[in-house]
Every structure is written in C-alpha cells, then in structure tokens.
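Printed here is final.cif (mmCIF, N, CA and C atoms):
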data_data
#
loop_
_atom_site.label_atom_id
_atom_site.label_comp_id
_atom_site.auth_asym_id
_atom_site.auth_seq_id
_atom_site.Cartn_x
_atom_site.Cartn_y
_atom_site.Cartn_z
N ALA D 6 -35.30 -14.93 15.54
CA ALA D 6 -35.28 -13.47 15.50
C ALA D 6 -35.58 -13.00 14.08
N THR D 7 -36.25 -11.87 14.03
CA THR D 7 -36.58 -11.33 12.72
C THR D 7 -35.34 -10.73 12.08
N GLU D 8 -35.43 -10.44 10.80
CA GLU D 8 -34.30 -9.86 10.08
C GLU D 8 -33.88 -8.53 10.69
N GLY D 9 -34.85 -7.69 11.06
CA GLY D 9 -34.56 -6.40 11.67
C GLY D 9 -33.86 -6.56 13.01
N GLN D 10 -34.26 -7.55 13.80
CA GLN D 10 -33.63 -7.77 15.10
C GLN D 10 -32.18 -8.23 14.93
N GLN D 11 -31.93 -9.03 13.91
CA GLN D 11 -30.57 -9.49 13.66
C GLN D 11 -29.66 -8.31 13.31
N LEU D 12 -30.18 -7.33 12.58
CA LEU D 12 -29.38 -6.17 12.22
C LEU D 12 -29.03 -5.34 13.45
N LEU D 13 -29.88 -5.38 14.48
CA LEU D 13 -29.65 -4.57 15.66
C LEU D 13 -28.74 -5.25 16.68
N ARG D 14 -28.45 -6.51 16.51
CA ARG D 14 -27.56 -7.20 17.44
C ARG D 14 -26.16 -6.61 17.38
N PRO D 15 -25.50 -6.51 18.53
CA PRO D 15 -24.12 -5.99 18.50
C PRO D 15 -23.21 -6.92 17.70
N MET D 16 -22.30 -6.31 16.97
CA MET D 16 -21.32 -7.09 16.21
C MET D 16 -20.16 -7.45 17.11
N LYS D 17 -19.54 -8.56 16.81
CA LYS D 17 -18.33 -8.95 17.53
C LYS D 17 -17.19 -8.02 17.14
N SER D 18 -16.22 -7.85 18.04
CA SER D 18 -15.11 -6.94 17.74
C SER D 18 -14.34 -7.37 16.51
N SER D 19 -14.26 -8.68 16.26
CA SER D 19 -13.55 -9.13 15.06
C SER D 19 -14.27 -8.66 13.79
N THR D 20 -15.59 -8.54 13.86
CA THR D 20 -16.35 -8.04 12.72
C THR D 20 -16.04 -6.56 12.50
N TYR D 21 -15.97 -5.78 13.60
CA TYR D 21 -15.60 -4.37 13.49
C TYR D 21 -14.20 -4.23 12.90
N ASN D 22 -13.27 -5.06 13.36
CA ASN D 22 -11.90 -5.00 12.83
C ASN D 22 -11.88 -5.28 11.34
N LEU D 23 -12.62 -6.29 10.91
CA LEU D 23 -12.67 -6.65 9.50
C LEU D 23 -13.30 -5.51 8.69
N LEU D 24 -14.41 -4.95 9.20
CA LEU D 24 -15.06 -3.84 8.49
C LEU D 24 -14.13 -2.63 8.39
N GLY D 25 -13.43 -2.33 9.48
CA GLY D 25 -12.49 -1.21 9.48
C GLY D 25 -11.37 -1.42 8.48
N MET D 26 -10.83 -2.64 8.44
CA MET D 26 -9.75 -2.95 7.52
C MET D 26 -10.23 -2.84 6.07
N LEU D 27 -11.44 -3.32 5.79
CA LEU D 27 -11.97 -3.23 4.43
C LEU D 27 -12.20 -1.77 4.03
N ALA D 28 -12.71 -0.96 4.96
CA ALA D 28 -12.92 0.45 4.67
C ALA D 28 -11.59 1.14 4.38
N PHE D 29 -10.56 0.84 5.19
CA PHE D 29 -9.24 1.44 4.98
C PHE D 29 -8.67 1.03 3.64
N LEU D 30 -8.74 -0.24 3.29
CA LEU D 30 -8.21 -0.71 2.01
C LEU D 30 -8.94 -0.06 0.84
N THR D 31 -10.25 0.09 0.97
CA THR D 31 -11.03 0.73 -0.09
C THR D 31 -10.59 2.17 -0.27
N MET D 32 -10.41 2.91 0.84
CA MET D 32 -9.98 4.30 0.75
C MET D 32 -8.57 4.39 0.18
N ALA D 33 -7.68 3.50 0.60
CA ALA D 33 -6.30 3.53 0.12
C ALA D 33 -6.25 3.25 -1.37
N GLN D 34 -7.03 2.27 -1.84
CA GLN D 34 -7.06 1.97 -3.27
C GLN D 34 -7.64 3.14 -4.05
N SER D 35 -8.68 3.76 -3.51
CA SER D 35 -9.29 4.90 -4.18
C SER D 35 -8.31 6.06 -4.29
N ALA D 36 -7.59 6.33 -3.20
CA ALA D 36 -6.60 7.42 -3.21
C ALA D 36 -5.47 7.11 -4.17
N ALA D 37 -5.02 5.86 -4.20
CA ALA D 37 -3.92 5.48 -5.08
C ALA D 37 -4.35 5.52 -6.54
N ALA D 38 -5.61 5.24 -6.80
CA ALA D 38 -6.09 5.19 -8.17
C ALA D 38 -6.22 6.58 -8.79
N GLN D 39 -6.35 7.60 -7.94
CA GLN D 39 -6.53 8.95 -8.45
C GLN D 39 -5.28 9.78 -8.18
N PRO D 40 -4.49 10.06 -9.22
CA PRO D 40 -3.28 10.86 -9.01
C PRO D 40 -3.62 12.27 -8.57
N VAL D 41 -2.75 12.81 -7.74
CA VAL D 41 -2.93 14.17 -7.24
C VAL D 41 -2.44 15.15 -8.29
N ALA D 42 -3.22 16.21 -8.53
CA ALA D 42 -2.80 17.25 -9.46
C ALA D 42 -1.70 18.08 -8.77
N ARG D 43 -0.55 18.19 -9.39
CA ARG D 43 0.59 18.88 -8.80
C ARG D 43 0.97 20.09 -9.66
N MET D 44 1.14 21.22 -8.98
CA MET D 44 1.61 22.40 -9.71
C MET D 44 3.13 22.42 -9.72
N GLU D 45 3.71 22.86 -10.82
CA GLU D 45 5.17 22.96 -10.92
C GLU D 45 5.63 24.20 -10.18
N VAL D 46 6.65 24.03 -9.32
CA VAL D 46 7.19 25.15 -8.55
C VAL D 46 8.71 25.09 -8.56
N SER D 47 9.33 26.25 -8.59
CA SER D 47 10.80 26.31 -8.50
C SER D 47 11.24 26.63 -7.08
N GLU D 48 10.26 26.95 -6.21
CA GLU D 48 10.50 27.16 -4.78
C GLU D 48 9.23 26.76 -4.04
N ILE D 49 9.33 26.58 -2.74
CA ILE D 49 8.21 26.04 -1.96
C ILE D 49 7.16 27.09 -1.57
N LYS D 50 7.52 28.35 -1.59
CA LYS D 50 6.66 29.43 -1.11
C LYS D 50 5.24 29.41 -1.70
N PRO D 51 5.04 29.24 -3.01
CA PRO D 51 3.68 29.21 -3.55
C PRO D 51 2.83 28.08 -2.95
N LEU D 52 3.47 26.95 -2.64
CA LEU D 52 2.73 25.84 -2.04
C LEU D 52 2.32 26.16 -0.60
N LEU D 53 3.19 26.86 0.12
CA LEU D 53 2.87 27.24 1.50
C LEU D 53 1.65 28.17 1.51
N ILE D 54 1.65 29.15 0.63
CA ILE D 54 0.54 30.11 0.57
C ILE D 54 -0.75 29.41 0.14
N ARG D 55 -0.64 28.54 -0.83
CA ARG D 55 -1.83 27.79 -1.30
C ARG D 55 -2.40 26.91 -0.19
N ALA D 56 -1.54 26.26 0.59
CA ALA D 56 -2.01 25.42 1.70
C ALA D 56 -2.70 26.27 2.77
N ILE D 57 -2.19 27.47 3.02
CA ILE D 57 -2.84 28.37 3.98
C ILE D 57 -4.25 28.71 3.49
N GLU D 58 -4.40 28.95 2.19
CA GLU D 58 -5.69 29.34 1.63
C GLU D 58 -6.66 28.18 1.47
N LEU D 59 -6.14 26.99 1.07
CA LEU D 59 -7.02 25.86 0.73
C LEU D 59 -6.95 24.68 1.70
N GLY D 60 -5.99 24.70 2.63
CA GLY D 60 -5.85 23.57 3.56
C GLY D 60 -4.77 22.59 3.15
N SER D 61 -4.48 22.51 1.86
CA SER D 61 -3.40 21.64 1.38
C SER D 61 -2.96 22.09 -0.01
N ALA D 62 -1.76 21.66 -0.39
CA ALA D 62 -1.23 21.98 -1.72
C ALA D 62 -0.26 20.87 -2.12
N HIS D 63 -0.19 20.63 -3.42
CA HIS D 63 0.65 19.55 -3.94
C HIS D 63 1.45 20.08 -5.13
N GLY D 64 2.75 19.85 -5.09
CA GLY D 64 3.59 20.37 -6.15
C GLY D 64 4.69 19.41 -6.53
N VAL D 65 5.40 19.80 -7.58
CA VAL D 65 6.58 19.08 -8.03
C VAL D 65 7.64 20.14 -8.29
N LEU D 66 8.83 19.90 -7.74
CA LEU D 66 9.92 20.86 -7.86
C LEU D 66 10.53 20.79 -9.26
N VAL D 67 10.73 21.95 -9.88
CA VAL D 67 11.34 22.04 -11.21
C VAL D 67 12.43 23.10 -11.16
N GLY D 68 13.22 23.15 -12.19
CA GLY D 68 14.23 24.20 -12.29
C GLY D 68 15.56 23.83 -11.68
N VAL D 69 16.34 24.86 -11.36
CA VAL D 69 17.71 24.69 -10.87
C VAL D 69 17.76 23.87 -9.58
N GLY D 70 16.84 24.16 -8.64
CA GLY D 70 16.81 23.42 -7.37
C GLY D 70 16.57 21.93 -7.58
N ALA D 71 15.64 21.61 -8.45
CA ALA D 71 15.34 20.21 -8.74
C ALA D 71 16.54 19.52 -9.40
N ASP D 72 17.18 20.22 -10.33
CA ASP D 72 18.35 19.65 -10.99
C ASP D 72 19.46 19.35 -9.98
N TYR D 73 19.66 20.27 -9.05
CA TYR D 73 20.70 20.10 -8.02
C TYR D 73 20.41 18.87 -7.16
N VAL D 74 19.18 18.73 -6.70
CA VAL D 74 18.81 17.59 -5.84
C VAL D 74 18.95 16.28 -6.61
N ARG D 75 18.52 16.27 -7.85
CA ARG D 75 18.63 15.05 -8.66
C ARG D 75 20.10 14.62 -8.83
N ARG D 76 20.98 15.60 -9.06
CA ARG D 76 22.41 15.28 -9.19
C ARG D 76 22.97 14.76 -7.86
N GLN D 77 22.60 15.38 -6.77
CA GLN D 77 23.11 14.99 -5.45
C GLN D 77 22.76 13.55 -5.12
N PHE D 78 21.56 13.11 -5.52
CA PHE D 78 21.09 11.77 -5.17
C PHE D 78 21.00 10.84 -6.37
N ASP D 79 21.61 11.23 -7.49
CA ASP D 79 21.63 10.40 -8.69
C ASP D 79 20.26 9.80 -8.97
N ALA D 80 19.24 10.66 -8.96
CA ALA D 80 17.86 10.20 -9.16
C ALA D 80 17.21 11.03 -10.27
N THR D 81 16.37 10.37 -11.04
CA THR D 81 15.67 11.06 -12.13
C THR D 81 14.19 11.27 -11.83
N ALA D 82 13.69 10.66 -10.77
CA ALA D 82 12.26 10.76 -10.43
C ALA D 82 11.92 12.19 -10.01
N PRO D 83 10.67 12.59 -10.23
CA PRO D 83 10.24 13.92 -9.81
C PRO D 83 10.35 14.08 -8.28
N ILE D 84 10.55 15.31 -7.84
CA ILE D 84 10.61 15.64 -6.42
C ILE D 84 9.25 16.22 -6.07
N GLU D 85 8.45 15.42 -5.36
CA GLU D 85 7.08 15.81 -5.02
C GLU D 85 7.05 16.48 -3.66
N ILE D 86 6.23 17.53 -3.55
CA ILE D 86 6.10 18.26 -2.29
C ILE D 86 4.62 18.36 -1.94
N ASP D 87 4.28 17.93 -0.72
CA ASP D 87 2.91 18.03 -0.22
C ASP D 87 2.92 18.90 1.03
N VAL D 88 2.01 19.86 1.09
CA VAL D 88 1.91 20.77 2.23
C VAL D 88 0.48 20.70 2.75
N ARG D 89 0.34 20.62 4.06
CA ARG D 89 -1.00 20.65 4.65
C ARG D 89 -1.01 21.54 5.88
N THR D 90 -2.14 22.18 6.10
CA THR D 90 -2.32 23.05 7.26
C THR D 90 -2.60 22.19 8.48
N LEU D 91 -1.87 22.45 9.55
CA LEU D 91 -2.11 21.75 10.81
C LEU D 91 -3.07 22.53 11.70
N HIS D 92 -2.83 23.83 11.85
CA HIS D 92 -3.74 24.66 12.65
C HIS D 92 -3.41 26.14 12.44
N ALA D 93 -4.39 26.97 12.79
CA ALA D 93 -4.21 28.42 12.69
C ALA D 93 -3.33 28.90 13.83
N LEU D 94 -2.64 30.00 13.60
CA LEU D 94 -1.82 30.64 14.62
C LEU D 94 -2.51 31.93 15.06
N PRO D 95 -2.11 32.48 16.20
CA PRO D 95 -2.77 33.71 16.69
C PRO D 95 -2.70 34.88 15.72
N GLN D 96 -1.62 35.01 14.98
CA GLN D 96 -1.47 36.11 14.02
C GLN D 96 -2.36 35.84 12.81
N ALA D 97 -3.16 36.82 12.42
CA ALA D 97 -4.11 36.67 11.31
C ALA D 97 -3.39 36.23 10.03
N GLY D 98 -3.95 35.24 9.34
CA GLY D 98 -3.40 34.76 8.07
C GLY D 98 -2.21 33.83 8.22
N CYS D 99 -1.88 33.44 9.43
CA CYS D 99 -0.72 32.58 9.66
C CYS D 99 -1.17 31.19 10.10
N ARG D 100 -0.43 30.17 9.68
CA ARG D 100 -0.77 28.78 9.98
C ARG D 100 0.50 27.99 10.29
N ARG D 101 0.30 26.90 11.04
CA ARG D 101 1.37 25.90 11.22
C ARG D 101 1.16 24.90 10.09
N LEU D 102 2.22 24.61 9.34
CA LEU D 102 2.15 23.76 8.16
C LEU D 102 3.05 22.55 8.31
N GLU D 103 2.65 21.45 7.67
CA GLU D 103 3.49 20.26 7.58
C GLU D 103 3.86 20.06 6.12
N ILE D 104 5.16 19.92 5.86
CA ILE D 104 5.66 19.76 4.51
C ILE D 104 6.30 18.39 4.38
N THR D 105 5.93 17.66 3.34
CA THR D 105 6.55 16.36 3.06
C THR D 105 7.10 16.40 1.64
N THR D 106 8.38 16.10 1.52
CA THR D 106 9.05 16.05 0.23
C THR D 106 9.43 14.60 -0.03
N ARG D 107 9.12 14.11 -1.24
CA ARG D 107 9.38 12.71 -1.59
C ARG D 107 10.10 12.61 -2.93
N GLN D 108 10.97 11.59 -3.02
CA GLN D 108 11.58 11.26 -4.30
C GLN D 108 11.84 9.76 -4.32
N ARG D 109 11.54 9.13 -5.44
CA ARG D 109 11.76 7.69 -5.60
C ARG D 109 13.17 7.42 -6.14
N ASP D 110 13.65 6.24 -5.81
CA ASP D 110 14.89 5.70 -6.38
C ASP D 110 16.11 6.60 -6.13
N VAL D 111 16.24 7.06 -4.91
CA VAL D 111 17.36 7.92 -4.50
C VAL D 111 18.56 7.03 -4.16
N LEU D 112 19.76 7.45 -4.60
CA LEU D 112 20.98 6.72 -4.27
C LEU D 112 21.61 7.38 -3.06
N GLU D 113 21.70 6.61 -1.98
CA GLU D 113 22.29 7.11 -0.75
C GLU D 113 23.09 5.99 -0.11
N GLN D 114 24.35 6.26 0.16
CA GLN D 114 25.27 5.27 0.75
C GLN D 114 25.29 3.97 -0.05
N GLY D 115 25.31 4.11 -1.36
CA GLY D 115 25.43 2.96 -2.25
C GLY D 115 24.16 2.15 -2.45
N LYS D 116 23.05 2.58 -1.88
CA LYS D 116 21.79 1.84 -2.02
C LYS D 116 20.70 2.77 -2.53
N ARG D 117 19.81 2.19 -3.34
CA ARG D 117 18.69 2.95 -3.88
C ARG D 117 17.43 2.65 -3.07
N SER D 118 16.68 3.72 -2.77
CA SER D 118 15.40 3.56 -2.08
C SER D 118 14.60 4.84 -2.24
N ASP D 119 13.32 4.74 -1.91
CA ASP D 119 12.45 5.90 -1.92
C ASP D 119 12.69 6.68 -0.63
N LYS D 120 12.74 7.98 -0.73
CA LYS D 120 13.02 8.82 0.45
C LYS D 120 11.92 9.85 0.64
N ALA D 121 11.67 10.18 1.90
CA ALA D 121 10.72 11.23 2.25
C ALA D 121 11.26 12.01 3.44
N LEU D 122 11.03 13.29 3.44
CA LEU D 122 11.41 14.17 4.53
C LEU D 122 10.17 14.96 4.92
N THR D 123 9.78 14.88 6.21
CA THR D 123 8.63 15.61 6.71
C THR D 123 9.09 16.56 7.81
N TYR D 124 8.64 17.80 7.72
CA TYR D 124 8.98 18.79 8.73
C TYR D 124 7.82 19.79 8.84
N GLN D 125 7.88 20.64 9.87
CA GLN D 125 6.84 21.64 10.10
C GLN D 125 7.45 23.03 10.17
N LEU D 126 6.64 24.02 9.80
CA LEU D 126 7.04 25.41 9.99
C LEU D 126 5.80 26.28 10.07
N SER D 127 5.99 27.48 10.59
CA SER D 127 4.91 28.46 10.68
C SER D 127 5.13 29.50 9.58
N PHE D 128 4.03 29.84 8.88
CA PHE D 128 4.14 30.74 7.74
C PHE D 128 2.84 31.54 7.61
N CYS D 129 2.94 32.71 6.97
CA CYS D 129 1.78 33.60 6.81
C CYS D 129 1.42 33.78 5.34
N ARG D 130 0.16 34.05 5.09
CA ARG D 130 -0.37 34.22 3.74
C ARG D 130 0.36 35.33 2.98
N ASP D 131 0.86 36.36 3.71
CA ASP D 131 1.56 37.47 3.04
C ASP D 131 3.00 37.11 2.64
N GLY D 132 3.40 35.85 2.85
CA GLY D 132 4.71 35.40 2.41
C GLY D 132 5.82 35.55 3.44
N ARG D 133 5.47 35.92 4.65
CA ARG D 133 6.49 36.08 5.71
C ARG D 133 6.27 35.06 6.82
N PHE D 134 7.28 34.94 7.66
CA PHE D 134 7.15 34.12 8.86
C PHE D 134 6.44 34.95 9.92
N PRO D 135 5.66 34.33 10.82
CA PRO D 135 4.98 35.10 11.85
C PRO D 135 5.96 35.77 12.80
N GLU D 136 5.51 36.90 13.35
CA GLU D 136 6.35 37.62 14.32
C GLU D 136 6.34 36.85 15.63
N LYS D 137 7.49 36.86 16.30
CA LYS D 137 7.56 36.25 17.62
C LYS D 137 6.94 37.21 18.62
N ARG D 138 6.17 36.67 19.52
CA ARG D 138 5.51 37.52 20.52
C ARG D 138 6.03 37.21 21.89
#
Reformat the file's structure so that it appears as structure tokens.
Amino acid sequence: ATEGQQLLRPMKSSTYNLLGMLAFLTMAQSAAAQPVARMEVSEIKPLLIRAIELGSAHGVLVGVGADYVRRQFDATAPIEIDVRTLHALPQAGCRRLEITTRQRDVLEQGKRSDKALTYQLSFCRDGRFPEKR
C-alpha cells in the first residue's frame, strides 16, 4: 500500500485511546503551566457579574471574609474562587452559574487536605437574583 493509503486506513481503538490520552495530558500540562489571572475580591458578587459578561471569572478572596475562613480552617493558602456560566436564563441578563471555591492545606477533623466546594446559583448582571415566574 502507498503511504497515502496507509494514512486512510482505520485506526485501531487502542490507537484512538492512546491519542486521546496524549491530547488530554498535553492540554492538562498546558493549563497547569499557565497560572490563571485572579482578581482580588472581598465578596463574590464582582466575579458573578464578570462571569455573566465574559463566560468565566477567577478570583481570590481577600479581607475580613478571607481572614475568617483561614482562622476557621487553620490554613494560610489563598482562597481561590472560579465562576463559570452554565446557560442563559429566560430573564434578560441572567445566567445559571457554577461556583467553585478551593483552598489548600485545610485542617478539618485533625487532618490536613485540599478542599473544594462547588455549587450553582442563578444571578443577573444588574446584581440581583432573577425573579421567580
């Protein structure tokens, strides 16, 4: 078979699996190599509005709230917050959002580990929750 014909032959599923795994590892390494730019926030509201406008937002909690959480969990690591838009809602300017909060080296029940909390809420660009219909 010619070189061109060999390229057109179907690949075995194990080859697809290997190619998929290599692509995933490459993307994961690329994402890990590039730190996310995080805006400092003392409350989550600016991140919610930014995610509505841009599709996602990344922040780090600072101020009194951050100090309180650090004391509660005896942790000094930054409290990172990631918000992403899931979908638009019927009310103009409103979106369903997913929020993930992370902190490394949290002390809970006598053990240290990295913690993350993910939850969803509906929010509007004007800073209010959508009206129930």
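Selection result for the displayed file, with the PyMOL selection byres ((chain D and resi 57) around 8) as criterion, is Pro51, Leu52, Leu53, Ile54, Arg55, Ala56, Glu58, Leu59, Gly60, Ser61, Ala62, Val88, Arg89, Thr90, Gly98, Cys99, Arg100, Arg101, Leu102, Phe128, Cys129 and Arg130 of chain D.
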Output N, CA and C atoms for every residue in that selection, as a compact mmCIF listing (two decimals), in the coordinates of the input.
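What ended up in out_18.txt:
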# COMPACT_ATOMS: atom_id res chain seq x y z
N PRO D 51 5.04 29.24 -3.01
CA PRO D 51 3.68 29.21 -3.55
C PRO D 51 2.83 28.08 -2.95
N LEU D 52 3.47 26.95 -2.64
CA LEU D 52 2.73 25.84 -2.04
C LEU D 52 2.32 26.16 -0.60
N LEU D 53 3.19 26.86 0.12
CA LEU D 53 2.87 27.24 1.50
C LEU D 53 1.65 28.17 1.51
N ILE D 54 1.65 29.15 0.63
CA ILE D 54 0.54 30.11 0.57
C ILE D 54 -0.75 29.41 0.14
N ARG D 55 -0.64 28.54 -0.83
CA ARG D 55 -1.83 27.79 -1.30
C ARG D 55 -2.40 26.91 -0.19
N ALA D 56 -1.54 26.26 0.59
CA ALA D 56 -2.01 25.42 1.70
C ALA D 56 -2.70 26.27 2.77
N GLU D 58 -4.40 28.95 2.19
CA GLU D 58 -5.69 29.34 1.63
C GLU D 58 -6.66 28.18 1.47
N LEU D 59 -6.14 26.99 1.07
CA LEU D 59 -7.02 25.86 0.73
C LEU D 59 -6.95 24.68 1.70
N GLY D 60 -5.99 24.70 2.63
CA GLY D 60 -5.85 23.57 3.56
C GLY D 60 -4.77 22.59 3.15
N SER D 61 -4.48 22.51 1.86
CA SER D 61 -3.40 21.64 1.38
C SER D 61 -2.96 22.09 -0.01
N ALA D 62 -1.76 21.66 -0.39
CA ALA D 62 -1.23 21.98 -1.72
C ALA D 62 -0.26 20.87 -2.12
N VAL D 88 2.01 19.86 1.09
CA VAL D 88 1.91 20.77 2.23
C VAL D 88 0.48 20.70 2.75
N ARG D 89 0.34 20.62 4.06
CA ARG D 89 -1.00 20.65 4.65
C ARG D 89 -1.01 21.54 5.88
N THR D 90 -2.14 22.18 6.10
CA THR D 90 -2.32 23.05 7.26
C THR D 90 -2.60 22.19 8.48
N GLY D 98 -3.95 35.24 9.34
CA GLY D 98 -3.40 34.76 8.07
C GLY D 98 -2.21 33.83 8.22
N CYS D 99 -1.88 33.44 9.43
CA CYS D 99 -0.72 32.58 9.66
C CYS D 99 -1.17 31.19 10.10
N ARG D 100 -0.43 30.17 9.68
CA ARG D 100 -0.77 28.78 9.98
C ARG D 100 0.50 27.99 10.29
N ARG D 101 0.30 26.90 11.04
CA ARG D 101 1.37 25.90 11.22
C ARG D 101 1.16 24.90 10.09
N LEU D 102 2.22 24.61 9.34
CA LEU D 102 2.15 23.76 8.16
C LEU D 102 3.05 22.55 8.31
N PHE D 128 4.03 29.84 8.88
CA PHE D 128 4.14 30.74 7.74
C PHE D 128 2.84 31.54 7.61
N CYS D 129 2.94 32.71 6.97
CA CYS D 129 1.78 33.60 6.81
C CYS D 129 1.42 33.78 5.34
N ARG D 130 0.16 34.05 5.09
CA ARG D 130 -0.37 34.22 3.74
C ARG D 130 0.36 35.33 2.98
May I have the residues at most 7 Å from (10.8, 15.7, -8.6) in the file's coordinates, counting all atoms listed in the file, as a PDB file with N, CA and C atoms, in the coordinates of the input?
ATOM      1  N   VAL D  65       5.400  19.800  -7.580  1.00  0.00           N
ATOM      2  CA  VAL D  65       6.580  19.080  -8.030  1.00  0.00           C
ATOM      3  C   VAL D  65       7.640  20.140  -8.290  1.00  0.00           C
ATOM      4  N   LEU D  66       8.830  19.900  -7.740  1.00  0.00           N
ATOM      5  CA  LEU D  66       9.920  20.860  -7.860  1.00  0.00           C
ATOM      6  C   LEU D  66      10.530  20.790  -9.260  1.00  0.00           C
ATOM      7  N   VAL D  67      10.730  21.950  -9.880  1.00  0.00           N
ATOM      8  CA  VAL D  67      11.340  22.040 -11.210  1.00  0.00           C
ATOM      9  C   VAL D  67      12.430  23.100 -11.160  1.00  0.00           C
ATOM     10  N   ALA D  71      15.640  21.610  -8.450  1.00  0.00           N
ATOM     11  CA  ALA D  71      15.340  20.210  -8.740  1.00  0.00           C
ATOM     12  C   ALA D  71      16.540  19.520  -9.400  1.00  0.00           C
ATOM     13  N   THR D  81      16.370  10.370 -11.040  1.00  0.00           N
ATOM     14  CA  THR D  81      15.670  11.060 -12.130  1.00  0.00           C
ATOM     15  C   THR D  81      14.190  11.270 -11.830  1.00  0.00           C
ATOM     16  N   ALA D  82      13.690  10.660 -10.770  1.00  0.00           N
ATOM     17  CA  ALA D  82      12.260  10.760 -10.430  1.00  0.00           C
ATOM     18  C   ALA D  82      11.920  12.190 -10.010  1.00  0.00           C
ATOM     19  N   PRO D  83      10.670  12.590 -10.230  1.00  0.00           N
ATOM     20  CA  PRO D  83      10.240  13.920  -9.810  1.00  0.00           C
ATOM     21  C   PRO D  83      10.350  14.080  -8.280  1.00  0.00           C
ATOM     22  N   ILE D  84      10.550  15.310  -7.840  1.00  0.00           N
ATOM     23  CA  ILE D  84      10.610  15.640  -6.420  1.00  0.00           C
ATOM     24  C   ILE D  84       9.250  16.220  -6.070  1.00  0.00           C
ATOM     25  N   GLU D  85       8.450  15.420  -5.360  1.00  0.00           N
ATOM     26  CA  GLU D  85       7.080  15.810  -5.020  1.00  0.00           C
ATOM     27  C   GLU D  85       7.050  16.480  -3.660  1.00  0.00           C
ATOM     28  N   ARG D 107       9.120  14.110  -1.240  1.00  0.00           N
ATOM     29  CA  ARG D 107       9.380  12.710  -1.590  1.00  0.00           C
ATOM     30  C   ARG D 107      10.100  12.610  -2.930  1.00  0.00           C
ATOM     31  N   GLN D 108      10.970  11.590  -3.020  1.00  0.00           N
ATOM     32  CA  GLN D 108      11.580  11.260  -4.300  1.00  0.00           C
ATOM     33  C   GLN D 108      11.840   9.760  -4.320  1.00  0.00           C
TER      34      GLN D 108
END
Study note, to complete from the structure: atom CA of D:Gln77 sits from atom CA of D:Lys120 at a separation of 13.2 Å
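The spacing separating atom CA of D:Glu113 from atom CA of D:Val69 amounts to 20.8 Å.
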Practice item. To verify the selection step, state as a ChimeraX atom specification which residues the PyMOL selection byres (((chain D and resi 125 and name CA) around 8) and name CA) yields on this input. Key: /D:101-104,123-124,126-127
Practice item. Quick one: everything within 5 Å of D:Ile86, counting only N, CA and C atoms, minus sequence neighbours fewer than 4 positions away in the same chain. Send it as a list in words. Key: His63, Gly64, Val65, Thr105 and Thr106 of chain D
Selection from above, N, CA and C atoms, as a PDB file, in the frame of the given file, can you write it?
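Listing of result.pdb after writing:
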ATOM      1  N   HIS D  63      -0.190  20.630  -3.420  1.00  0.00           N
ATOM      2  CA  HIS D  63       0.650  19.550  -3.940  1.00  0.00           C
ATOM      3  C   HIS D  63       1.450  20.080  -5.130  1.00  0.00           C
ATOM      4  N   GLY D  64       2.750  19.850  -5.090  1.00  0.00           N
ATOM      5  CA  GLY D  64       3.590  20.370  -6.150  1.00  0.00           C
ATOM      6  C   GLY D  64       4.690  19.410  -6.530  1.00  0.00           C
ATOM      7  N   VAL D  65       5.400  19.800  -7.580  1.00  0.00           N
ATOM      8  CA  VAL D  65       6.580  19.080  -8.030  1.00  0.00           C
ATOM      9  C   VAL D  65       7.640  20.140  -8.290  1.00  0.00           C
ATOM     10  N   THR D 105       5.930  17.660   3.340  1.00  0.00           N
ATOM     11  CA  THR D 105       6.550  16.360   3.060  1.00  0.00           C
ATOM     12  C   THR D 105       7.100  16.400   1.640  1.00  0.00           C
ATOM     13  N   THR D 106       8.380  16.100   1.520  1.00  0.00           N
ATOM     14  CA  THR D 106       9.050  16.050   0.230  1.00  0.00           C
ATOM     15  C   THR D 106       9.430  14.600  -0.030  1.00  0.00           C
TER      16      THR D 106
END
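One distance worth recording is that between atom CA of D:Met44 and atom CA of D:Leu91, which is 20.9 Å.
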Practice item. Might you pull out every residue within 7 Å of D:Asp110, with only N, CA and C atoms counted and same-chain residues fewer than 6 positions away left off, and present them as an MDAnalysis selection string? Key: chainID D and resid 78:82 116:120
